[in-house]
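Enquirer: Hey, dropping final_17.pdb in here, PDB, N, CA and C atoms:
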```
MODEL        1
ATOM      1  N   MET A   1       0.858  -1.167   0.000
ATOM      2  CA  MET A   1       0.000   0.000   0.000
ATOM      3  C   MET A   1       0.907   1.235   0.000
ATOM      4  N   PRO A   2       0.576   2.293  -0.790
ATOM      5  CA  PRO A   2       1.414   3.478  -0.816
ATOM      6  C   PRO A   2       1.385   4.196   0.516
ATOM      7  N   ASP A   3       2.389   5.057   0.716
ATOM      8  CA  ASP A   3       2.431   5.842   1.945
ATOM      9  C   ASP A   3       1.173   6.654   2.091
ATOM     10  N   ASN A   4       0.782   6.880   3.328
ATOM     11  CA  ASN A   4      -0.396   7.686   3.606
ATOM     12  C   ASN A   4      -0.112   9.128   3.203
ATOM     13  N   PRO A   5      -0.901   9.714   2.292
ATOM     14  CA  PRO A   5      -0.653  11.082   1.859
ATOM     15  C   PRO A   5      -0.961  12.110   2.935
ATOM     16  N   ASN A   6      -1.513  11.675   4.058
ATOM     17  CA  ASN A   6      -1.821  12.565   5.155
ATOM     18  C   ASN A   6      -0.615  12.561   6.098
ATOM     19  N   PRO A   7       0.270  13.570   6.004
ATOM     20  CA  PRO A   7       1.508  13.524   6.780
ATOM     21  C   PRO A   7       1.292  13.609   8.279
ATOM     22  N   SER A   8       0.181  14.140   8.742
ATOM     23  CA  SER A   8      -0.050  14.250  10.178
ATOM     24  C   SER A   8      -0.344  12.902  10.810
ATOM     25  N   GLY A   9      -0.705  11.911   9.986
ATOM     26  CA  GLY A   9      -1.000  10.588  10.493
ATOM     27  C   GLY A   9      -2.400  10.465  11.062
ATOM     28  N   GLU A  10      -3.151  11.551  11.142
ATOM     29  CA  GLU A  10      -4.516  11.496  11.657
ATOM     30  C   GLU A  10      -5.434  10.915  10.585
ATOM     31  N   ALA A  11      -6.351  10.087  11.030
ATOM     32  CA  ALA A  11      -7.286   9.481  10.087
ATOM     33  C   ALA A  11      -8.341  10.495   9.680
ATOM     34  N   ASN A  12      -8.605  10.556   8.385
ATOM     35  CA  ASN A  12      -9.681  11.397   7.884
ATOM     36  C   ASN A  12     -11.018  10.699   8.033
ATOM     37  N   ILE A  13     -10.981   9.389   8.163
ATOM     38  CA  ILE A  13     -12.203   8.616   8.309
ATOM     39  C   ILE A  13     -12.003   7.673   9.489
ATOM     40  N   SER A  14     -12.962   7.624  10.362
ATOM     41  CA  SER A  14     -12.819   6.821  11.580
ATOM     42  C   SER A  14     -13.339   5.401  11.357
ATOM     43  N   ARG A  15     -12.980   4.535  12.310
ATOM     44  CA  ARG A  15     -13.478   3.166  12.259
ATOM     45  C   ARG A  15     -14.996   3.153  12.383
ATOM     46  N   ASP A  16     -15.552   4.068  13.191
ATOM     47  CA  ASP A  16     -17.008   4.145  13.349
ATOM     48  C   ASP A  16     -17.677   4.521  12.029
ATOM     49  N   GLU A  17     -17.041   5.432  11.287
ATOM     50  CA  GLU A  17     -17.602   5.814   9.982
ATOM     51  C   GLU A  17     -17.540   4.648   9.010
ATOM     52  N   VAL A  18     -16.442   3.890   9.048
ATOM     53  CA  VAL A  18     -16.335   2.710   8.188
ATOM     54  C   VAL A  18     -17.395   1.688   8.584
ATOM     55  N   ALA A  19     -17.592   1.490   9.873
ATOM     56  CA  ALA A  19     -18.621   0.555  10.334
ATOM     57  C   ALA A  19     -20.002   1.011   9.880
ATOM     58  N   HIS A  20     -20.244   2.318   9.945
ATOM     59  CA  HIS A  20     -21.530   2.861   9.493
ATOM     60  C   HIS A  20     -21.718   2.609   7.998
ATOM     61  N   LEU A  21     -20.679   2.877   7.217
ATOM     62  CA  LEU A  21     -20.757   2.631   5.770
ATOM     63  C   LEU A  21     -20.986   1.149   5.481
ATOM     64  N   ALA A  22     -20.312   0.288   6.242
ATOM     65  CA  ALA A  22     -20.491  -1.154   6.051
ATOM     66  C   ALA A  22     -21.927  -1.564   6.348
ATOM     67  N   ARG A  23     -22.519  -0.991   7.418
ATOM     68  CA  ARG A  23     -23.919  -1.307   7.727
ATOM     69  C   ARG A  23     -24.838  -0.832   6.606
ATOM     70  N   LEU A  24     -24.590   0.377   6.088
ATOM     71  CA  LEU A  24     -25.427   0.888   4.993
ATOM     72  C   LEU A  24     -25.336   0.000   3.760
ATOM     73  N   ALA A  25     -24.137  -0.508   3.490
ATOM     74  CA  ALA A  25     -23.923  -1.371   2.324
ATOM     75  C   ALA A  25     -24.253  -2.831   2.623
ATOM     76  N   ARG A  26     -24.677  -3.092   3.873
ATOM     77  CA  ARG A  26     -25.024  -4.447   4.313
ATOM     78  C   ARG A  26     -23.853  -5.414   4.136
ATOM     79  N   LEU A  27     -22.668  -4.924   4.548
ATOM     80  CA  LEU A  27     -21.467  -5.736   4.492
ATOM     81  C   LEU A  27     -21.096  -6.181   5.895
ATOM     82  N   ALA A  28     -20.749  -7.433   6.047
ATOM     83  CA  ALA A  28     -20.269  -7.944   7.331
ATOM     84  C   ALA A  28     -18.752  -7.793   7.336
ATOM     85  N   VAL A  29     -18.238  -6.973   8.240
ATOM     86  CA  VAL A  29     -16.786  -6.770   8.322
ATOM     87  C   VAL A  29     -16.324  -7.056   9.745
ATOM     88  N   THR A  30     -15.110  -7.575   9.852
ATOM     89  CA  THR A  30     -14.527  -7.866  11.153
ATOM     90  C   THR A  30     -13.867  -6.615  11.707
ATOM     91  N   GLU A  31     -13.468  -6.682  12.975
ATOM     92  CA  GLU A  31     -12.775  -5.553  13.606
ATOM     93  C   GLU A  31     -11.463  -5.253  12.884
ATOM     94  N   ASP A  32     -10.748  -6.313  12.478
ATOM     95  CA  ASP A  32      -9.485  -6.112  11.748
ATOM     96  C   ASP A  32      -9.742  -5.443  10.405
ATOM     97  N   GLU A  33     -10.815  -5.848   9.750
ATOM     98  CA  GLU A  33     -11.155  -5.240   8.462
ATOM     99  C   GLU A  33     -11.536  -3.770   8.628
ATOM    100  N   LEU A  34     -12.211  -3.436   9.725
ATOM    101  CA  LEU A  34     -12.562  -2.038   9.956
ATOM    102  C   LEU A  34     -11.311  -1.173   9.993
ATOM    103  N   GLU A  35     -10.300  -1.640  10.697
ATOM    104  CA  GLU A  35      -9.048  -0.883  10.792
ATOM    105  C   GLU A  35      -8.377  -0.787   9.415
ATOM    106  N   MET A  36      -8.315  -1.917   8.717
ATOM    107  CA  MET A  36      -7.677  -1.934   7.402
ATOM    108  C   MET A  36      -8.428  -1.017   6.421
ATOM    109  N   PHE A  37      -9.755  -1.111   6.405
ATOM    110  CA  PHE A  37     -10.544  -0.279   5.490
ATOM    111  C   PHE A  37     -10.426   1.201   5.838
ATOM    112  N   ALA A  38     -10.363   1.514   7.130
ATOM    113  CA  ALA A  38     -10.196   2.917   7.537
ATOM    114  C   ALA A  38      -8.879   3.455   7.001
ATOM    115  N   GLN A  39      -7.818   2.666   7.098
ATOM    116  CA  GLN A  39      -6.518   3.097   6.579
ATOM    117  C   GLN A  39      -6.551   3.231   5.057
ATOM    118  N   GLN A  40      -7.146   2.259   4.385
ATOM    119  CA  GLN A  40      -7.206   2.299   2.921
ATOM    120  C   GLN A  40      -8.043   3.481   2.443
ATOM    121  N   LEU A  41      -9.179   3.711   3.081
ATOM    122  CA  LEU A  41     -10.016   4.847   2.689
ATOM    123  C   LEU A  41      -9.315   6.166   2.978
ATOM    124  N   ASP A  42      -8.518   6.202   4.026
ATOM    125  CA  ASP A  42      -7.748   7.396   4.340
ATOM    126  C   ASP A  42      -6.756   7.701   3.217
ATOM    127  N   VAL A  43      -6.113   6.664   2.701
ATOM    128  CA  VAL A  43      -5.180   6.846   1.582
ATOM    129  C   VAL A  43      -5.925   7.347   0.349
ATOM    130  N   ILE A  44      -7.086   6.768   0.075
ATOM    131  CA  ILE A  44      -7.879   7.172  -1.093
ATOM    132  C   ILE A  44      -8.326   8.624  -0.961
ATOM    133  N   LEU A  45      -8.843   8.977   0.215
ATOM    134  CA  LEU A  45      -9.299  10.354   0.423
ATOM    135  C   LEU A  45      -8.137  11.343   0.325
ATOM    136  N   GLY A  46      -6.977  10.940   0.812
ATOM    137  CA  GLY A  46      -5.799  11.803   0.692
ATOM    138  C   GLY A  46      -5.391  12.003  -0.758
ATOM    139  N   ALA A  47      -5.452  10.943  -1.552
ATOM    140  CA  ALA A  47      -5.100  11.046  -2.968
ATOM    141  C   ALA A  47      -6.084  11.950  -3.703
ATOM    142  N   VAL A  48      -7.358  11.828  -3.390
ATOM    143  CA  VAL A  48      -8.366  12.688  -4.017
ATOM    144  C   VAL A  48      -8.121  14.145  -3.624
ATOM    145  N   ALA A  49      -7.767  14.377  -2.377
ATOM    146  CA  ALA A  49      -7.480  15.742  -1.925
ATOM    147  C   ALA A  49      -6.271  16.311  -2.662
ATOM    148  N   ARG A  50      -5.256  15.470  -2.905
ATOM    149  CA  ARG A  50      -4.074  15.945  -3.640
ATOM    150  C   ARG A  50      -4.424  16.305  -5.072
ATOM    151  N   VAL A  51      -5.306  15.546  -5.696
ATOM    152  CA  VAL A  51      -5.741  15.869  -7.057
ATOM    153  C   VAL A  51      -6.449  17.215  -7.062
ATOM    154  N   GLY A  52      -7.263  17.460  -6.047
ATOM    155  CA  GLY A  52      -7.962  18.732  -5.941
ATOM    156  C   GLY A  52      -7.010  19.901  -5.791
ATOM    157  N   GLU A  53      -5.873  19.676  -5.136
ATOM    158  CA  GLU A  53      -4.878  20.741  -4.977
ATOM    159  C   GLU A  53      -4.197  21.077  -6.295
ATOM    160  N   VAL A  54      -4.036  20.098  -7.163
ATOM    161  CA  VAL A  54      -3.348  20.305  -8.437
ATOM    162  C   VAL A  54      -4.199  21.108  -9.398
ATOM    163  N   ALA A  55      -5.500  20.912  -9.373
ATOM    164  CA  ALA A  55      -6.389  21.612 -10.301
ATOM    165  C   ALA A  55      -6.215  23.118 -10.115
ATOM    166  N   ALA A  56      -5.875  23.781 -11.196
ATOM    167  CA  ALA A  56      -5.634  25.220 -11.147
ATOM    168  C   ALA A  56      -6.684  25.946 -11.978
ATOM    169  N   THR A  57      -6.954  27.188 -11.609
ATOM    170  CA  THR A  57      -7.965  27.964 -12.319
ATOM    171  C   THR A  57      -7.493  28.386 -13.700
ATOM    172  N   ASP A  58      -6.175  28.421 -13.934
ATOM    173  CA  ASP A  58      -5.677  28.847 -15.241
ATOM    174  C   ASP A  58      -5.589  27.694 -16.244
ATOM    175  N   ILE A  59      -5.967  26.485 -15.839
ATOM    176  CA  ILE A  59      -5.956  25.336 -16.741
ATOM    177  C   ILE A  59      -7.391  25.029 -17.127
ATOM    178  N   PRO A  60      -7.720  25.108 -18.422
ATOM    179  CA  PRO A  60      -9.104  24.850 -18.825
ATOM    180  C   PRO A  60      -9.454  23.365 -18.647
ATOM    181  N   PRO A  61     -10.692  23.081 -18.278
ATOM    182  CA  PRO A  61     -11.108  21.678 -18.146
ATOM    183  C   PRO A  61     -11.114  21.000 -19.514
ATOM    184  N   THR A  62     -10.734  19.746 -19.540
ATOM    185  CA  THR A  62     -10.709  18.974 -20.787
ATOM    186  C   THR A  62     -11.348  17.615 -20.562
ATOM    187  N   SER A  63     -11.810  17.025 -21.633
ATOM    188  CA  SER A  63     -12.368  15.683 -21.539
ATOM    189  C   SER A  63     -11.395  14.636 -22.052
ATOM    190  N   HIS A  64     -10.370  15.080 -22.791
ATOM    191  CA  HIS A  64      -9.376  14.158 -23.339
ATOM    192  C   HIS A  64      -7.989  14.781 -23.211
ATOM    193  N   ALA A  65      -6.991  13.936 -23.158
ATOM    194  CA  ALA A  65      -5.619  14.428 -23.024
ATOM    195  C   ALA A  65      -5.111  15.072 -24.307
ATOM    196  N   VAL A  66      -5.643  14.645 -25.437
ATOM    197  CA  VAL A  66      -5.227  15.212 -26.724
ATOM    198  C   VAL A  66      -6.454  15.747 -27.437
ATOM    199  N   PRO A  67      -6.296  16.766 -28.279
ATOM    200  CA  PRO A  67      -7.461  17.296 -28.995
ATOM    201  C   PRO A  67      -8.045  16.254 -29.957
ATOM    202  N   LEU A  68      -9.354  16.214 -30.021
ATOM    203  CA  LEU A  68     -10.036  15.287 -30.924
ATOM    204  C   LEU A  68     -10.883  16.066 -31.914
ATOM    205  N   THR A  69     -11.052  15.497 -33.079
ATOM    206  CA  THR A  69     -11.953  16.093 -34.060
ATOM    207  C   THR A  69     -13.031  15.064 -34.391
ATOM    208  N   ASN A  70     -14.138  15.542 -34.908
ATOM    209  CA  ASN A  70     -15.240  14.678 -35.265
ATOM    210  C   ASN A  70     -14.814  13.771 -36.414
ATOM    211  N   VAL A  71     -14.996  12.474 -36.233
ATOM    212  CA  VAL A  71     -14.580  11.518 -37.253
ATOM    213  C   VAL A  71     -15.764  10.946 -38.028
ATOM    214  N   PHE A  72     -16.954  11.498 -37.818
ATOM    215  CA  PHE A  72     -18.129  11.010 -38.526
ATOM    216  C   PHE A  72     -18.116  11.492 -39.970
ATOM    217  N   ARG A  73     -18.638  10.663 -40.832
ATOM    218  CA  ARG A  73     -18.743  11.064 -42.230
ATOM    219  C   ARG A  73     -20.012  11.902 -42.411
ATOM    220  N   ALA A  74     -20.077  12.592 -43.527
ATOM    221  CA  ALA A  74     -21.262  13.398 -43.817
ATOM    222  C   ALA A  74     -22.471  12.481 -44.002
ATOM    223  N   ASP A  75     -23.627  12.938 -43.574
ATOM    224  CA  ASP A  75     -24.860  12.172 -43.704
ATOM    225  C   ASP A  75     -25.413  12.395 -45.099
ATOM    226  N   GLU A  76     -25.323  11.359 -45.924
ATOM    227  CA  GLU A  76     -25.782  11.466 -47.311
ATOM    228  C   GLU A  76     -26.851  10.416 -47.568
ATOM    229  N   VAL A  77     -27.898  10.823 -48.256
ATOM    230  CA  VAL A  77     -28.963   9.889 -48.618
ATOM    231  C   VAL A  77     -28.454   9.013 -49.752
ATOM    232  N   ARG A  78     -28.567   7.699 -49.557
ATOM    233  CA  ARG A  78     -28.144   6.747 -50.578
ATOM    234  C   ARG A  78     -29.223   5.688 -50.722
ATOM    235  N   PRO A  79     -29.299   5.049 -51.864
ATOM    236  CA  PRO A  79     -30.307   4.000 -52.034
ATOM    237  C   PRO A  79     -30.003   2.820 -51.104
ATOM    238  N   SER A  80     -31.060   2.193 -50.608
ATOM    239  CA  SER A  80     -30.885   1.047 -49.715
ATOM    240  C   SER A  80     -31.398  -0.209 -50.415
ATOM    241  N   LEU A  81     -31.355  -1.308 -49.693
ATOM    242  CA  LEU A  81     -31.825  -2.565 -50.258
ATOM    243  C   LEU A  81     -33.333  -2.508 -50.476
ATOM    244  N   PRO A  82     -33.825  -3.209 -51.489
ATOM    245  CA  PRO A  82     -35.277  -3.281 -51.665
ATOM    246  C   PRO A  82     -35.914  -4.040 -50.491
ATOM    247  N   CYS A  83     -37.129  -3.682 -50.150
ATOM    248  CA  CYS A  83     -37.840  -4.258 -49.011
ATOM    249  C   CYS A  83     -37.880  -5.788 -49.110
ATOM    250  N   GLY A  84     -38.171  -6.307 -50.268
ATOM    251  CA  GLY A  84     -38.255  -7.767 -50.439
ATOM    252  C   GLY A  84     -36.948  -8.461 -50.131
ATOM    253  N   ALA A  85     -35.835  -7.858 -50.514
ATOM    254  CA  ALA A  85     -34.529  -8.471 -50.255
ATOM    255  C   ALA A  85     -34.226  -8.483 -48.758
ATOM    256  N   VAL A  86     -34.609  -7.435 -48.067
ATOM    257  CA  VAL A  86     -34.380  -7.375 -46.626
ATOM    258  C   VAL A  86     -35.246  -8.402 -45.912
ATOM    259  N   LEU A  87     -36.532  -8.435 -46.249
ATOM    260  CA  LEU A  87     -37.455  -9.347 -45.590
ATOM    261  C   LEU A  87     -37.158 -10.811 -45.911
ATOM    262  N   ALA A  88     -36.488 -11.076 -47.004
ATOM    263  CA  ALA A  88     -36.163 -12.454 -47.380
ATOM    264  C   ALA A  88     -35.205 -13.083 -46.365
ATOM    265  N   GLY A  89     -34.483 -12.282 -45.617
ATOM    266  CA  GLY A  89     -33.544 -12.818 -44.630
ATOM    267  C   GLY A  89     -34.188 -13.170 -43.306
ATOM    268  N   GLY A  90     -35.457 -12.855 -43.122
ATOM    269  CA  GLY A  90     -36.125 -13.123 -41.855
ATOM    270  C   GLY A  90     -36.857 -14.442 -41.867
ATOM    271  N   PRO A  91     -37.147 -14.999 -40.686
ATOM    272  CA  PRO A  91     -37.835 -16.291 -40.632
ATOM    273  C   PRO A  91     -39.320 -16.210 -40.953
ATOM    274  N   ALA A  92     -39.963 -15.060 -40.662
ATOM    275  CA  ALA A  92     -41.390 -14.931 -40.924
ATOM    276  C   ALA A  92     -41.701 -13.481 -41.268
ATOM    277  N   VAL A  93     -42.607 -13.280 -42.241
ATOM    278  CA  VAL A  93     -42.965 -11.938 -42.702
ATOM    279  C   VAL A  93     -44.475 -11.819 -42.692
ATOM    280  N   GLU A  94     -44.956 -10.635 -42.281
ATOM    281  CA  GLU A  94     -46.388 -10.361 -42.298
ATOM    282  C   GLU A  94     -46.576  -8.870 -42.561
ATOM    283  N   ASP A  95     -47.378  -8.506 -43.536
ATOM    284  CA  ASP A  95     -47.659  -7.114 -43.888
ATOM    285  C   ASP A  95     -46.377  -6.310 -44.121
ATOM    286  N   GLU A  96     -45.443  -6.898 -44.869
ATOM    287  CA  GLU A  96     -44.157  -6.263 -45.198
ATOM    288  C   GLU A  96     -43.363  -5.868 -43.952
ATOM    289  N   LYS A  97     -43.463  -6.711 -42.912
ATOM    290  CA  LYS A  97     -42.704  -6.518 -41.673
ATOM    291  C   LYS A  97     -42.246  -7.887 -41.194
ATOM    292  N   PHE A  98     -41.164  -7.896 -40.390
ATOM    293  CA  PHE A  98     -40.748  -9.145 -39.758
ATOM    294  C   PHE A  98     -41.791  -9.526 -38.711
ATOM    295  N   ARG A  99     -42.163 -10.792 -38.695
ATOM    296  CA  ARG A  99     -43.089 -11.286 -37.669
ATOM    297  C   ARG A  99     -42.247 -11.900 -36.562
ATOM    298  N   VAL A 100     -42.515 -11.433 -35.341
ATOM    299  CA  VAL A 100     -41.770 -11.926 -34.182
ATOM    300  C   VAL A 100     -42.747 -12.401 -33.123
ATOM    301  N   PRO A 101     -42.311 -13.265 -32.209
ATOM    302  CA  PRO A 101     -43.214 -13.733 -31.155
ATOM    303  C   PRO A 101     -43.605 -12.588 -30.220
ATOM    304  N   ARG A 102     -44.838 -12.617 -29.760
ATOM    305  CA  ARG A 102     -45.318 -11.608 -28.804
ATOM    306  C   ARG A 102     -44.640 -11.855 -27.467
ATOM    307  N   ILE A 103     -44.115 -10.796 -26.858
ATOM    308  CA  ILE A 103     -43.471 -10.928 -25.554
ATOM    309  C   ILE A 103     -44.225 -10.166 -24.471
ATOM    310  N   LEU A 104     -45.127  -9.286 -24.862
ATOM    311  CA  LEU A 104     -45.905  -8.517 -23.896
ATOM    312  C   LEU A 104     -47.341  -9.022 -23.913
ATOM    313  N   THR A 105     -47.949  -9.019 -22.750
ATOM    314  CA  THR A 105     -49.351  -9.375 -22.642
ATOM    315  C   THR A 105     -50.154  -8.115 -22.381
ATOM    316  N   GLU A 106     -51.450  -8.245 -22.395
ATOM    317  CA  GLU A 106     -52.324  -7.105 -22.126
ATOM    318  C   GLU A 106     -52.076  -6.531 -20.737
ATOM    319  N   GLU A 107     -51.726  -7.389 -19.769
ATOM    320  CA  GLU A 107     -51.503  -6.941 -18.394
ATOM    321  C   GLU A 107     -50.284  -6.038 -18.276
ATOM    322  N   THR A 108     -49.236  -6.290 -19.060
ATOM    323  CA  THR A 108     -48.000  -5.526 -18.954
ATOM    324  C   THR A 108     -47.960  -4.344 -19.912
ATOM    325  N   ALA A 109     -48.885  -4.317 -20.854
ATOM    326  CA  ALA A 109     -48.855  -3.252 -21.854
ATOM    327  C   ALA A 109     -49.404  -1.955 -21.306
TER     328      ALA A 109
ENDMDL
END
```
Would you mind giving the structure from this file in structure tokens?

Expert:
Amino acid sequence: MPDNPNPSGEANISRDEVAHLARLARLAVTEDELEMFAQQLDVILGAVARVGEVAATDIPPTSHAVPLTNVFRADEVRPSLPCGAVLAGGPAVEDEKFRVPRILTEETA
């Protein structure tokens, strides 16, 4: 486990808070696990706090590390397959549509 980023050594999260979180999540944890989880969560919270310190107001927010451009092609109308050719690939056809088994009943509709 990495060094605790909290140099004072004080826990940011107590064993009681970990126990409370475990009860909310309906997790059974031992006393040893409470101590271990408190330490691990303390490291995580410290790392998140360090990330918050790095964020500067002069750096614009980004969604990607490198600039991206739109890679979509232009939307152009083109002829498609004839209806009969498409429907020929299906197992059953009715009224120029694929026929599929009913999955909803009147009660669920």

Enquirer: Determine which residues of chain A receive a DSSP assignment of strand (DSSP E or B), computed from the backbone, and state them as a ChimeraX atom specification.

Expert: /A:93-94,97-98

Enquirer: Between CA of Asn12 in chain A and CA of Leu27 in chain A, what distance in Å does the model show, to one decimal?

Expert: 21.1 Å

Enquirer: Quick one: everything within 7 Å of Val18 in chain A, counting only N, CA and C atoms, minus sequence neighbours fewer than 3 positions away in the same chain. Send it as a count of residues only.

Expert: 9

Enquirer: Taking the DSSP secondary structure from the backbone, can you list the residues of chain A that are helix (DSSP H, G or I), as a PyMOL selection string?

Expert: chain A and resi 15-24+31-54+83-87

Enquirer: Work out how far CA of Leu81 in chain A is from CA of Arg99 in chain A, in Å to one decimal.

Expert: 19.0 Å

Enquirer: Using the file's own x, y and z axes, so that the box edges lie along x, y and z, what centre and edge lengths in Å (one decimal) does a box around every listed atom of range 89-97 of chain A get when 5 Å is added on each side? Give it as AutoDock Vina command-line options.

Expert:
```
--center_x -40.6 --center_y -11.1 --center_z -43.1 --size_x 24.1 --size_y 20.4 --size_z 15.0
```

Enquirer: Please, what distance in Å, to one decimal, runs between CA of Gly52 in chain A and CA of His20 in chain A?

Expert: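 Atom-to-atom, CA of Gly52 in chain A to CA of His20 in chain A, that is 26.0 Å.
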
Enquirer: Any chance you could resolve the PyMOL selection byres ((chain A and resi 96) around 8) against this file and give the residues as a ChimeraX atom specification?

Expert: /A:83-84,87,93-95,97-99
